[in-house]
Amino acid sequence: MKLLVAVKRVVDYNARIRVKTDQTGVELANVKMSMNPFCEIAVEEALRLKEQKIAKEVVVITVGPKSSQDTIRTALAMGADRGAHVLTDAPLLPLNIAKLLAAVAKKESASLCLLGKQAIDDDCNQTGQMLAALLKWPQATFAFKIEIDQAAQKARVTREVDGGLQTLLCGLPAVITTDLRLNQPRYATLPNIMKAKKKPIELLSPEGLGVTLIDGYKRIKVEEPAKRKGGVMVASVAELMDKLKNEAKVL
């Protein structure tokens, strides 16, 4: 079984987000970038499936400019076998990404596509679902636990839903998106980081994959959230109740 794992380069979750002065987007100059945390969980789950002898090869793919290749190297250092990089400066819209991933999944004859449920930069939560629709494969989103039955060629996926857990049984090949509590990603060791530099990364292009990218929307303006107003000390419960009723209008 071959696993295809999609990863995305995003602003590190510990970095302070700053909006550009012209409000056209987020400031990326001199900001630490890293692998999307949900994608990191997907890579870890793929590696665990390989360690269980369920998968034979883990292929990591990313889409974006040349700088995105660092994200692939991180996944290779974690233990992935090889990478694929679709070079493009086009907007990373979910539909564009899904079309490119679908083309690569067919090219690689992947048995399972693993993606993070969403990226922390745009929070779209759309790519996995679109990918499954384009491939006409079953999908299981927000995976909390993944079990593969090789003999039956099925995946049993436990997913988090409002109020509890839901278990799905889907045939392979399939698309699965990973949630936060699926696993704890491993750290890349120094020897593996050095080995990752020698692992192959195939360079691809949208044109070579036969995919026409679209620019489906225009970003008009990006604004920072309104600053929180300072608190007010009240002298009594009666004054508090008055403010909640007449000023905050919550009672």
# chains A, B, ... in the order shown; residues from 1 in each chain; ligands from 1

$ select_by_dssp --residues "segment 66-207 of chain A" --states "strand (DSSP E or B)" --output "VMD selection string"
chain A and resid 82 to 87 112 to 116 139 to 149 154 to 161 164 to 171 174 to 178 201 to 204

$ residues_around --residues "segment 39-43 of chain A" --least-positions-apart "6" --cutoff "8 Å" --atoms "only C-alpha atoms" --output "ChimeraX atom specification"
/A:5-8,60,75,80,114-117,119,177-180,182-185

$ write_last_selection --atoms "N, CA, C and O atoms" --output "PDB file, in the first residue's frame"
ATOM      1  N   VAL A   5       0.685  11.772   1.409  1.00  0.00           N
ATOM      2  CA  VAL A   5       0.400  12.712   2.491  1.00  0.00           C
ATOM      3  C   VAL A   5       0.655  14.132   1.999  1.00  0.00           C
ATOM      4  O   VAL A   5       1.748  14.448   1.517  1.00  0.00           O
ATOM      5  N   ALA A   6      -0.350  14.979   2.120  1.00  0.00           N
ATOM      6  CA  ALA A   6      -0.219  16.377   1.705  1.00  0.00           C
ATOM      7  C   ALA A   6       0.192  17.231   2.893  1.00  0.00           C
ATOM      8  O   ALA A   6      -0.352  17.084   3.996  1.00  0.00           O
ATOM      9  N   VAL A   7       1.152  18.115   2.676  1.00  0.00           N
ATOM     10  CA  VAL A   7       1.616  19.014   3.743  1.00  0.00           C
ATOM     11  C   VAL A   7       1.634  20.445   3.216  1.00  0.00           C
ATOM     12  O   VAL A   7       1.772  20.679   2.022  1.00  0.00           O
ATOM     13  N   LYS A   8       1.507  21.396   4.147  1.00  0.00           N
ATOM     14  CA  LYS A   8       1.479  22.810   3.761  1.00  0.00           C
ATOM     15  C   LYS A   8       2.401  23.615   4.660  1.00  0.00           C
ATOM     16  O   LYS A   8       2.481  23.373   5.868  1.00  0.00           O
ATOM     17  N   VAL A  60       5.312  12.227   0.386  1.00  0.00           N
ATOM     18  CA  VAL A  60       4.832  13.519   0.889  1.00  0.00           C
ATOM     19  C   VAL A  60       4.807  14.515  -0.262  1.00  0.00           C
ATOM     20  O   VAL A  60       5.745  14.589  -1.049  1.00  0.00           O
ATOM     21  N   ALA A  75       9.217  16.570   6.680  1.00  0.00           N
ATOM     22  CA  ALA A  75       8.495  15.288   6.650  1.00  0.00           C
ATOM     23  C   ALA A  75       9.438  14.132   6.334  1.00  0.00           C
ATOM     24  O   ALA A  75       9.305  13.043   6.897  1.00  0.00           O
ATOM     25  N   ALA A  80       9.439   9.929   6.200  1.00  0.00           N
ATOM     26  CA  ALA A  80       8.817   9.680   4.895  1.00  0.00           C
ATOM     27  C   ALA A  80       9.880   9.242   3.888  1.00  0.00           C
ATOM     28  O   ALA A  80      11.058   9.578   4.019  1.00  0.00           O
ATOM     29  N   LEU A 114      -3.765  11.034   2.938  1.00  0.00           N
ATOM     30  CA  LEU A 114      -3.911  11.604   4.277  1.00  0.00           C
ATOM     31  C   LEU A 114      -3.616  13.089   4.231  1.00  0.00           C
ATOM     32  O   LEU A 114      -2.605  13.517   3.665  1.00  0.00           O
ATOM     33  N   LEU A 115      -4.515  13.889   4.815  1.00  0.00           N
ATOM     34  CA  LEU A 115      -4.352  15.334   4.869  1.00  0.00           C
ATOM     35  C   LEU A 115      -4.726  15.811   6.265  1.00  0.00           C
ATOM     36  O   LEU A 115      -5.537  15.183   6.949  1.00  0.00           O
ATOM     37  N   GLY A 116      -4.165  16.942   6.669  1.00  0.00           N
ATOM     38  CA  GLY A 116      -4.660  17.600   7.863  1.00  0.00           C
ATOM     39  C   GLY A 116      -6.067  18.111   7.587  1.00  0.00           C
ATOM     40  O   GLY A 116      -6.399  18.451   6.454  1.00  0.00           O
ATOM     41  N   LYS A 117      -6.907  18.157   8.620  1.00  0.00           N
ATOM     42  CA  LYS A 117      -8.301  18.553   8.384  1.00  0.00           C
ATOM     43  C   LYS A 117      -8.409  19.996   7.887  1.00  0.00           C
ATOM     44  O   LYS A 117      -9.347  20.347   7.182  1.00  0.00           O
ATOM     45  N   ALA A 119      -5.780  23.933   7.361  1.00  0.00           N
ATOM     46  CA  ALA A 119      -4.524  24.651   7.581  1.00  0.00           C
ATOM     47  C   ALA A 119      -4.804  25.806   8.544  1.00  0.00           C
ATOM     48  O   ALA A 119      -5.869  26.424   8.491  1.00  0.00           O
ATOM     49  N   THR A 177      -8.895  12.830   6.548  1.00  0.00           N
ATOM     50  CA  THR A 177      -8.303  14.048   7.110  1.00  0.00           C
ATOM     51  C   THR A 177      -8.148  13.861   8.620  1.00  0.00           C
ATOM     52  O   THR A 177      -9.008  13.283   9.280  1.00  0.00           O
ATOM     53  N   THR A 178      -7.043  14.356   9.150  1.00  0.00           N
ATOM     54  CA  THR A 178      -6.659  14.076  10.535  1.00  0.00           C
ATOM     55  C   THR A 178      -7.025  15.213  11.472  1.00  0.00           C
ATOM     56  O   THR A 178      -6.901  16.388  11.134  1.00  0.00           O
ATOM     57  N   ASP A 179      -7.457  14.829  12.684  1.00  0.00           N
ATOM     58  CA  ASP A 179      -7.806  15.800  13.712  1.00  0.00           C
ATOM     59  C   ASP A 179      -6.676  15.879  14.740  1.00  0.00           C
ATOM     60  O   ASP A 179      -5.733  15.093  14.726  1.00  0.00           O
ATOM     61  N   LEU A 180      -6.831  16.805  15.677  1.00  0.00           N
ATOM     62  CA  LEU A 180      -5.754  17.147  16.604  1.00  0.00           C
ATOM     63  C   LEU A 180      -5.350  16.002  17.522  1.00  0.00           C
ATOM     64  O   LEU A 180      -4.181  15.833  17.852  1.00  0.00           O
ATOM     65  N   LEU A 182      -5.454  12.712  17.114  1.00  0.00           N
ATOM     66  CA  LEU A 182      -5.163  11.420  16.487  1.00  0.00           C
ATOM     67  C   LEU A 182      -3.853  10.837  17.009  1.00  0.00           C
ATOM     68  O   LEU A 182      -3.747   9.646  17.276  1.00  0.00           O
ATOM     69  N   ASN A 183      -2.831  11.679  17.151  1.00  0.00           N
ATOM     70  CA  ASN A 183      -1.527  11.210  17.630  1.00  0.00           C
ATOM     71  C   ASN A 183      -0.676  12.388  18.073  1.00  0.00           C
ATOM     72  O   ASN A 183      -1.091  13.547  17.949  1.00  0.00           O
ATOM     73  N   GLN A 184       0.511  12.068  18.554  1.00  0.00           N
ATOM     74  CA  GLN A 184       1.504  13.083  18.928  1.00  0.00           C
ATOM     75  C   GLN A 184       2.684  12.934  17.973  1.00  0.00           C
ATOM     76  O   GLN A 184       3.424  11.953  18.045  1.00  0.00           O
ATOM     77  N   PRO A 185       2.881  13.879  17.046  1.00  0.00           N
ATOM     78  CA  PRO A 185       3.966  13.741  16.067  1.00  0.00           C
ATOM     79  C   PRO A 185       5.336  13.628  16.728  1.00  0.00           C
ATOM     80  O   PRO A 185       5.601  14.247  17.755  1.00  0.00           O
TER      81      PRO A 185
END

$ residues_around --residues "Thr88 of chain A" --least-positions-apart "2" --cutoff "8 Å" --atoms "only C-alpha atoms" --output "ChimeraX atom specification"
/A:63-65,86,90,205-206

$ residues_around --residues "Ala15 of chain A" --least-positions-apart "4" --cutoff "9 Å" --atoms "only C-alpha atoms" --output "ChimeraX atom specification"
/A:11,31-33

$ write_last_selection --atoms "C-alpha atoms" --output "short mmCIF file (atom, residue, chain, number, x, y, z; two decimals), in the first residue's frame"
data_model
loop_
_atom_site.label_atom_id
_atom_site.label_comp_id
_atom_site.auth_asym_id
_atom_site.auth_seq_id
_atom_site.Cartn_x
_atom_site.Cartn_y
_atom_site.Cartn_z
CA VAL A 11 3.29 30.69 9.65
CA VAL A 31 8.47 35.37 10.16
CA LYS A 32 9.16 31.77 11.19
CA MET A 33 7.42 29.27 8.90
#

$ residues_around --residues "Thr62 of chain A" --least-positions-apart "4" --cutoff "12 Å" --atoms "only C-alpha atoms" --output "number ranges by chain"
A: 4-10, 35-36, 39, 66-75, 82-88, 92, 97-98, 100-101, 104, 115, 201-205

$ atom_distance --atom1 "atom CA of Ala77 of chain A" --atom2 "atom CA of Asn30 of chain A"
23.9 Å

$ atom_distance --atom1 "atom CA of Thr127 of chain A" --atom2 "atom CA of Leu172 of chain A"
18.7 Å

$ residues_around --residues "Ile214 of chain A" --least-positions-apart "6" --cutoff "9 Å" --atoms "only C-alpha atoms" --output "list in words"
Ala90, Pro91, Leu93, Leu95 and Asn96 of chain A

$ write_last_selection --atoms "all heavy atoms" --output "PDB file, in the first residue's frame"
ATOM      1  N   ALA A  90       0.864  30.422  -7.948  1.00  0.00           N
ATOM      2  CA  ALA A  90      -0.557  30.728  -8.038  1.00  0.00           C
ATOM      3  C   ALA A  90      -1.189  30.696  -6.641  1.00  0.00           C
ATOM      4  O   ALA A  90      -0.647  30.076  -5.723  1.00  0.00           O
ATOM      5  CB  ALA A  90      -1.257  29.722  -8.949  1.00  0.00           C
ATOM      6  N   PRO A  91      -2.330  31.360  -6.460  1.00  0.00           N
ATOM      7  CA  PRO A  91      -3.016  31.336  -5.159  1.00  0.00           C
ATOM      8  C   PRO A  91      -3.333  29.903  -4.741  1.00  0.00           C
ATOM      9  O   PRO A  91      -3.775  29.090  -5.557  1.00  0.00           O
ATOM     10  CB  PRO A  91      -4.302  32.126  -5.424  1.00  0.00           C
ATOM     11  CG  PRO A  91      -3.986  33.009  -6.594  1.00  0.00           C
ATOM     12  CD  PRO A  91      -3.030  32.222  -7.441  1.00  0.00           C
ATOM     13  N   LEU A  93      -5.642  28.118  -3.499  1.00  0.00           N
ATOM     14  CA  LEU A  93      -7.058  27.893  -3.217  1.00  0.00           C
ATOM     15  C   LEU A  93      -7.311  26.405  -3.008  1.00  0.00           C
ATOM     16  O   LEU A  93      -6.675  25.564  -3.637  1.00  0.00           O
ATOM     17  CB  LEU A  93      -7.914  28.401  -4.376  1.00  0.00           C
ATOM     18  CG  LEU A  93      -7.731  29.866  -4.811  1.00  0.00           C
ATOM     19  CD1 LEU A  93      -8.698  30.197  -5.935  1.00  0.00           C
ATOM     20  CD2 LEU A  93      -7.934  30.797  -3.644  1.00  0.00           C
ATOM     21  N   LEU A  95      -9.575  24.389  -4.070  1.00  0.00           N
ATOM     22  CA  LEU A  95      -9.902  23.647  -5.287  1.00  0.00           C
ATOM     23  C   LEU A  95      -8.666  23.421  -6.137  1.00  0.00           C
ATOM     24  O   LEU A  95      -8.491  22.334  -6.724  1.00  0.00           O
ATOM     25  CB  LEU A  95     -10.983  24.386  -6.089  1.00  0.00           C
ATOM     26  CG  LEU A  95     -11.461  23.670  -7.363  1.00  0.00           C
ATOM     27  CD1 LEU A  95     -11.979  22.271  -7.031  1.00  0.00           C
ATOM     28  CD2 LEU A  95     -12.544  24.489  -8.057  1.00  0.00           C
ATOM     29  N   ASN A  96      -7.793  24.428  -6.231  1.00  0.00           N
ATOM     30  CA  ASN A  96      -6.541  24.252  -6.970  1.00  0.00           C
ATOM     31  C   ASN A  96      -5.695  23.137  -6.361  1.00  0.00           C
ATOM     32  O   ASN A  96      -5.175  22.264  -7.069  1.00  0.00           O
ATOM     33  CB  ASN A  96      -5.737  25.554  -6.972  1.00  0.00           C
ATOM     34  CG  ASN A  96      -6.300  26.588  -7.927  1.00  0.00           C
ATOM     35  OD1 ASN A  96      -7.075  26.251  -8.828  1.00  0.00           O
ATOM     36  ND2 ASN A  96      -5.927  27.836  -7.731  1.00  0.00           N
TER      37      ASN A  96
END

$ select_by_dssp --residues "segment 84-177 of chain A" --states "helix (DSSP H, G or I)" --output "list in words"
Pro94, Leu95, Asn96, Ile97, Ala98, Lys99, Leu100, Leu101, Ala102, Ala103, Val104, Ala105, Lys106, Lys107, Glu108, Thr127, Gly128, Gln129, Met130, Leu131, Ala132, Ala133, Leu134 and Leu135 of chain A

$ closest_residue --among "A:Ile146, A:Tyr217, A:Ile193, A:Leu3" --to "Cys170 of chain A" --atoms "only C-alpha atoms"
A:Ile146

$ atom_distance --atom1 "atom CA of Leu213 of chain A" --atom2 "atom CA of Val59 of chain A"
22.9 Å

$ decode --residues "segment 38-49 of chain A" --atoms "N, CA and C atoms" --output "compact mmCIF listing (two decimals), in the first residue's frame"
# COMPACT_ATOMS: atom_id res chain seq x y z
N PHE A 38 -1.72 20.20 11.65
CA PHE A 38 -2.60 19.09 11.26
C PHE A 38 -1.95 18.21 10.20
N CYS A 39 -1.14 18.84 9.32
CA CYS A 39 -0.39 18.05 8.32
C CYS A 39 0.67 17.20 8.99
N GLU A 40 1.28 17.74 10.04
CA GLU A 40 2.29 16.99 10.80
C GLU A 40 1.68 15.74 11.42
N ILE A 41 0.45 15.85 11.89
CA ILE A 41 -0.26 14.70 12.44
C ILE A 41 -0.52 13.66 11.36
N ALA A 42 -0.87 14.12 10.15
CA ALA A 42 -1.09 13.21 9.02
C ALA A 42 0.18 12.46 8.67
N VAL A 43 1.33 13.16 8.67
CA VAL A 43 2.61 12.50 8.38
C VAL A 43 2.91 11.44 9.44
N GLU A 44 2.71 11.79 10.71
CA GLU A 44 2.97 10.84 11.80
C GLU A 44 2.10 9.60 11.66
N GLU A 45 0.83 9.77 11.31
CA GLU A 45 -0.06 8.61 11.18
C GLU A 45 0.37 7.73 10.02
N ALA A 46 0.82 8.33 8.93
CA ALA A 46 1.31 7.55 7.79
C ALA A 46 2.54 6.74 8.18
N LEU A 47 3.43 7.36 8.95
CA LEU A 47 4.64 6.65 9.38
C LEU A 47 4.30 5.49 10.31
N ARG A 48 3.30 5.68 11.15
CA ARG A 48 2.89 4.59 12.05
C ARG A 48 2.28 3.43 11.26
N LEU A 49 1.54 3.75 10.23
CA LEU A 49 0.98 2.69 9.38
C LEU A 49 2.09 1.91 8.67
